[in-house]
Amino acid sequence: QEPEPDALVVTASFHRWAVLEIESRRLSRTSANPSPPKEGMHMMEGMALARMDEFGAHHCALVLWSIAKLSKVTARSGSDGSDSGQPYAAPTRLLAALMKRSQRIAPTARPRHVSNILWACATLGHQPSSALFDALSTRIMNT
């Protein structure tokens, strides 16, 4: 039996998927690019949810960045860069868990983690809870 992937493996998987999708679209410049296969994303979402208690600030920030990048790049599938495609739909359960975990680990976040978390929220059109925003703001003020 294969061992379960740890938080670092799950995080790296999301990041690599986003980077590959971005590079694929940059190289081809066509609207024929498929969105990431849903079954693969569901599997990665499940792995991330199973390991959420292991996630630190780096993990939360990187997975959120990856989800936001996937959403952003798949929205721009037209060759002219217009937002004519179907964007990748961010997984609701995973976003909720990442927001909750980000709030919990905010005191350990570095400034780049805070900025990536907030950038991902803005890119996804996700309003962070006041508790998360306060935790991240407090961390920045105390850095």
# chains A, B, ... in the order shown; residues from 1 in each chain; ligands from 1
$ residues_around --residues "Ser13 (chain A)" --least-positions-apart "4" --cutoff "10 Å" --atoms "only C-alpha atoms" --output "PyMOL selection string"
chain A and resi 7-9+17-19+41+44+48+63+66
$ atom_distance --atom1 "CA of Gly46 (chain A)" --atom2 "CA of Thr108 (chain A)"
24.9 Å
$ residues_around --residues "Gln103 (chain A)" --least-positions-apart "6" --cutoff "10 Å" --atoms "only C-alpha atoms" --output "mmCIF file with C-alpha atoms, in the first residue's frame"
data_model
loop_
_atom_site.group_PDB
_atom_site.id
_atom_site.type_symbol
_atom_site.label_atom_id
_atom_site.label_comp_id
_atom_site.auth_asym_id
_atom_site.auth_seq_id
_atom_site.Cartn_x
_atom_site.Cartn_y
_atom_site.Cartn_z
ATOM 1 C CA ALA A 57 1.184 29.432 6.170
ATOM 2 C CA ALA A 97 -10.993 24.974 4.838
ATOM 3 C CA ALA A 109 2.697 33.806 8.320
ATOM 4 C CA PRO A 128 -12.293 36.888 3.535
ATOM 5 C CA SER A 129 -14.085 36.753 6.855
ATOM 6 C CA SER A 130 -13.485 39.671 9.182
ATOM 7 C CA ALA A 131 -11.717 37.260 11.553
ATOM 8 C CA LEU A 132 -9.291 36.160 8.819
ATOM 9 C CA PHE A 133 -8.720 39.717 7.644
ATOM 10 C CA ASP A 134 -8.096 40.847 11.239
ATOM 11 C CA ALA A 135 -5.683 37.950 11.869
ATOM 12 C CA LEU A 136 -3.712 38.722 8.705
#
$ residues_around --residues "Val114 (chain A)" --least-positions-apart "2" --cutoff "10 Å" --atoms "only C-alpha atoms" --output "PyMOL selection string"
chain A and resi 57-58+60-61+102+106+108-112+116-120+133+135-137+139-140
$ atom_distance --atom1 "CA of Leu20 (chain A)" --atom2 "CA of Lys100 (chain A)"
27.7 Å
$ closest_residue --among "A:Met99, A:Thr143, A:Glu54, A:Arg104" --to "Gln127 (chain A)" --atoms "only C-alpha atoms"
A:Met99
$ closest_residue --among "A:Gly56, A:Ser24, A:Val73, A:Val10" --to "Met43 (chain A)" --atoms "only C-alpha atoms"
A:Val10
$ atom_distance --atom1 "CA of Ile105 (chain A)" --atom2 "CA of Ser71 (chain A)"
24.6 Å
$ closest_residue --among "A:His59, A:Met52, A:Glu45, A:Pro91" --to "Thr11 (chain A)" --atoms "only C-alpha atoms"
A:His59
$ closest_residue --among "A:Ile22, A:His126, A:Ala50, A:Lys69" --to "Ala96 (chain A)" --atoms "only C-alpha atoms"
A:His126
